[in-house]
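Worksheet: one structure, shown below.
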Amino acid sequence: MALSEARIVEIEDKARAIRETILEMLVAAGSGHTAGPLGMADIFASFYFHILNHDPQNPELPERDRLILSNGHIVPVRYAAMAHAGYFPVEECLTLRKFGSRLQGHPERTRLPGLETTSGPLGSGLGQAAGIAYGARMDKKRFRTYVAMSDGEQDAGNIWESAMFAGNNKLSNLTAVIDRNNIQINGMTEDVMPVENLRAKYEAFNWHVLEVDGHNIKQFCDAVDEAKAIYEKPTVIIAHTIPGKGVKEIEFDYKWHGKPPTKDEAKKFLNELRTMGGKIESEHQ
Amino acid sequence: MLNPDAKLAANTFDKPEQAPTRDGLGKGLLELGESNPNVVAVCADLAESTRILPFKEKYPARYIEAGVAEQNLATIASGLANYGKIPFIASYATFSPGRNNEQIRTTISINNVAVKIAGSHAGLSVGPDGATHQALEDIALMRVQPNMTVLSPCDAEEARKATLAAAAHPGPVYLRFGREKTPVMTTAETPFEFGKASVVWQQADRRKNPDVAVFATGPLLYNALMAAKEVEAEVSCVVVNIHTIKPLDEAAVVAWAKKAGAVVTVEEHQIAGGLGGAIAEVLARQCPVPMEFIGVHDRFGQSGTPEELLKHYRMDVPNIVDIMKTAKKRKVH
């Protein structure tokens, strides 16, 4: 589906709402990850409000596209996107990480319909997505399987086992997205355990590789469309993002990987987001 | 005497047929290939030795090769099951559920998807390959995961039935198989009920309680039977086949422990966390009685013939006989 300017603005507005909800839920939870969820808000808004064939009222719809979240710690962005898409009330986001909540600290498939898988321990989402895509192809199903991974996660051996499997099996119904935000818990990815050259690595594993600005909704959606047209290989979209995108104090600071804002910080950050309105868009545009 | 209701092979004590339990996996899968189109096999470069090969040859489109990549073996199977397939994943038990334990925990057990994990070459009787290939921890690893079911068949025929039962079960299942040829005691007529213990040997005088209740799992059930027969004049035993270690048939375990007043467990596995541990956990709460454990006592295996190893680790018939006598002596009269 072609993306009109008006549609892009709508998705950007959803991304802003998702960012607000992320900050609100993290403050309420008192723990959790901030930088990753904020950085992936544009991509999750694109998935839930443009890319996915899904029905929030019927999360088990057999023909739905599957979106697998491999790096489960950024799940606040998924919860927020799902809530805004109508899977459950936005207020429920404030139960994140609390006793009895369906919104576990790391996502659990059996607790909340629509999550698709359980994740948190890094490196296992690509294999699960490949398994779903393989099964779907066996039965000639038309739906697509997407998987969102982190860049730090590329350290994990399981990722490369699964990348080899998907490449060798030419799983063209599988599209992976790597959140290339250059941070992981111990610091910058290229200091902790360099993952480059990601493009060359995936190409060597028989993947079609695209690189986009992960905050440019049109670029990202176009890349997803291109992946649909590649019939010989799975596609990986390396999405260059800014961790903490939308909040100047958080952007690019790896120390925000695994902590929530305080109440006062959140108040300030929320004001910043709200005054930006729909203006969170690529600096490369 | 053999329990007639168990309908064991007539030649159980006279040169019974010999076959490895992994053969039962192969046969069961072939039957499933015919009866259930959702069953697929995923293998980590061990199709022949795990006995997946006949399924692969007959149903090539339903065979998926993972290569030597057990973490991926578990995760793609999770995805396949999540989508709606019934994947059997096959490797050696030291690798799966050994190497990929976390992937099984997160993507299969917490995810609660219907992956069937077939761990072959379990136990000491792998023999010459040595400690690295002798899985002695797999039951423990799988038993502690919520949602997981654990099946440990005693012979090739029971392994075939266990394979069919695993496919019919809606959740994740671990199936334990051995490499070596072992006696085939059970027959097609032997009842196999998922989650139910079955008595294969009972005391000669059924009006009296047995001296000792023996709970055995896997091919060592045969050694337990041989020992019960040999010691019959001195110790009257009931020998119970525990093919389903989880969920454990607690009612049967408690009932026999109560009647006998002493218990012996028999398994080719570490004592910690295995069948012996599982039964001790139940009896400590519900019917504490003297217990003896036949199994591996916190050591790794080593190279040798299966016979040499079973003797060295005190799992052969003479050692089981001795331990049955010890258990009887420990009873509080």
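Ordering of the structure tokens sets the chain letters (A, B, ...), residue numbers begin anew at 1 in every chain, and ligands are numbered from 1 in the order given.
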Write down, as number ranges by chain, each residue of chain A that has any atom within 8 Å of an atom of chain B, counting only C-alpha atoms. A: 108-110, 116-119, 121, 124-125, 127-136, 138, 158, 161-162, 165
Store the residues of this selection in a file with C-alpha atoms, as an mmCIF file, in the first residue's frame.
data_model
loop_
_atom_site.group_PDB
_atom_site.id
_atom_site.type_symbol
_atom_site.label_atom_id
_atom_site.label_comp_id
_atom_site.auth_asym_id
_atom_site.auth_seq_id
_atom_site.Cartn_x
_atom_site.Cartn_y
_atom_site.Cartn_z
ATOM 1 C CA GLU A 108 4.748 -14.114 27.721
ATOM 2 C CA ARG A 109 2.646 -15.517 24.933
ATOM 3 C CA THR A 110 0.292 -17.428 27.209
ATOM 4 C CA GLU A 116 2.946 -14.491 19.527
ATOM 5 C CA THR A 117 5.966 -15.677 21.568
ATOM 6 C CA THR A 118 7.725 -15.517 24.896
ATOM 7 C CA SER A 119 11.036 -13.678 24.907
ATOM 8 C CA PRO A 121 16.653 -14.275 26.960
ATOM 9 C CA SER A 124 15.872 -17.003 20.271
ATOM 10 C CA GLY A 125 13.372 -14.922 18.309
ATOM 11 C CA GLY A 127 14.671 -19.156 15.151
ATOM 12 C CA GLN A 128 11.061 -19.029 16.295
ATOM 13 C CA ALA A 129 10.155 -16.704 13.456
ATOM 14 C CA ALA A 130 11.966 -18.994 11.009
ATOM 15 C CA GLY A 131 10.015 -21.979 12.369
ATOM 16 C CA ILE A 132 6.707 -20.174 11.886
ATOM 17 C CA ALA A 133 7.711 -19.056 8.380
ATOM 18 C CA TYR A 134 8.834 -22.589 7.479
ATOM 19 C CA GLY A 135 5.580 -24.117 8.725
ATOM 20 C CA ALA A 136 3.526 -21.514 6.887
ATOM 21 C CA MET A 138 4.798 -25.938 4.010
ATOM 22 C CA ASN A 158 21.590 -18.845 18.315
ATOM 23 C CA GLU A 161 22.336 -20.686 13.662
ATOM 24 C CA SER A 162 18.907 -19.352 12.788
ATOM 25 C CA PHE A 165 18.798 -21.916 8.616
#
Test item: residues at most 10 Å from A:Ala2, only C-alpha atoms, excluding those fewer than 4 positions along its chain, as a ChimeraX atom specification: /A:7,218,221-222,225
- Item | Picked from stretch 104-251 of chain A by DSSP as strand (DSSP E), as a PyMOL selection string | chain A and resi 145-150+174-180+183-184+187-188+208-213+235-240
Contacts of A:Ile242 at 6 Å or less, counting only C-alpha atoms, minus same-chain residues fewer than 2 places along, as a ChimeraX atom specification?
/A:39,181,245
Would you save the residues from that selection as a tab-separated table (two decimals), in the first residue's frame, using C-alpha atoms?
chain	number	residue	atom	x	y	z
A	39	GLY	CA	13.95	4.10	19.74
A	181	ASN	CA	20.99	1.66	17.88
A	245	LYS	CA	14.55	8.85	20.29
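The list of residues with at least one atom within 12 Å of A:Lys268, based on only C-alpha atoms and without residues fewer than 6 positions apart in the same chain, reads Glu20, Leu23, Glu24, Val247, Lys248, Glu249, Ile250, Pro261, Thr262, Arg274 and Thr275 of chain A.
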Residue with smallest distance to A:Val236 - pool A:Ile43, A:Val147, A:Ala204, A:Ala156, counting only C-alpha atoms:
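For A:Val236, the nearest of the given residues is A:Val147.
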**OP:** Could you please determine the separation between atom CA of A:Asp179 and atom CA of A:Gly152 in Å, to one decimal place?
**Re:**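 Rounded to one decimal, the two atoms are 9.0 Å apart.
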Could you tell me, as a PyMOL selection string, which residues of stretch 29-251 of chain B DSSP assigns to helix (DSSP H, G or I) when given the backbone?
-> chain B and resi 29-35+53-58+60-62+70-83+101-110+124-129+131-133+138-143+156-168+220-230+250-251
Could you tell me how far atom CA of B:Glu34 lies from atom CA of B:Lys56, in Å and to one decimal?
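A separation of 12.8 Å between them.
Omitting B:Leu8 and its sequence neighbours fewer than 4 positions away, and counting only C-alpha atoms, the residues within 12 Å are Met1, Leu2, Asn3, Pro4, Thr12, Phe13, Pro16, Cys154, Asp155, Glu157, Glu158, Pro183, Val184, Met185, Thr186, Thr187, Ala188, Glu189, Thr190, Pro191, Phe192, Ser198, Val199, Val200, Trp201, Tyr222 and Leu225 of chain B.
Note that atom CA of A:Phe47 and atom CA of A:Ser150 are 16.4 Å apart.
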Using only C-alpha atoms, which residue out of A:Val75, A:Leu174, A:Met25, A:Leu122 lies closest to A:Ile159?
->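 Closest residue, counting only C-alpha atoms: A:Leu122.
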Do you know which residues are at most 9 Å from A:Arg180 counting only C-alpha atoms, after dropping those on the same chain fewer than 5 positions away, and could you put them as a ChimeraX atom specification?
/A:149-152,214,238-243
Next, dump the selected residues to file, keeping only C-alpha atoms, as a PDB file, in the first residue's frame.
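Resulting contents of out-v2.pdb:
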ATOM      1  CA  MET A 149      15.850  -8.047  16.997  1.00  0.00           C
ATOM      2  CA  SER A 150      18.397  -5.838  18.682  1.00  0.00           C
ATOM      3  CA  ASP A 151      21.940  -5.228  17.544  1.00  0.00           C
ATOM      4  CA  GLY A 152      23.472  -6.319  20.848  1.00  0.00           C
ATOM      5  CA  GLY A 214      14.519   3.620  11.563  1.00  0.00           C
ATOM      6  CA  ILE A 238      19.020  -2.924   9.371  1.00  0.00           C
ATOM      7  CA  ALA A 239      17.158  -0.009  10.905  1.00  0.00           C
ATOM      8  CA  HIS A 240      19.490   2.691  12.160  1.00  0.00           C
ATOM      9  CA  THR A 241      17.806   4.182  15.185  1.00  0.00           C
ATOM     10  CA  ILE A 242      18.596   6.561  17.976  1.00  0.00           C
ATOM     11  CA  PRO A 243      18.181   4.973  21.382  1.00  0.00           C
TER      12      PRO A 243
END
Could you check which of B:Val317, B:Leu283, B:Val42, B:Leu220 is closest to B:Ala257, using only C-alpha atoms?
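Closest candidate: B:Leu283.
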Return the single residue from B:Val126, B:Pro60, B:Val144, B:Cys43 that is closest to B:Asn101, with distances computed using only C-alpha atoms.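 Among the listed residues, the smallest separation from B:Asn101 belongs to B:Val144.
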Checklist line | All residues 8 Å or closer to stretch 76-82 of chain A, only C-alpha atoms, same chain fewer than 3 positions away omitted, as a list in words | finding: Ile18, Arg19, Thr21, Ile22, Met25, Leu26, Pro37, Leu38, Met40, Ala41, Phe44, Ala45, Tyr48, Pro56, His73, Ala85, Gly86, Tyr87, Phe88, Val90, Cys93, Leu96 and Leu103 of chain A
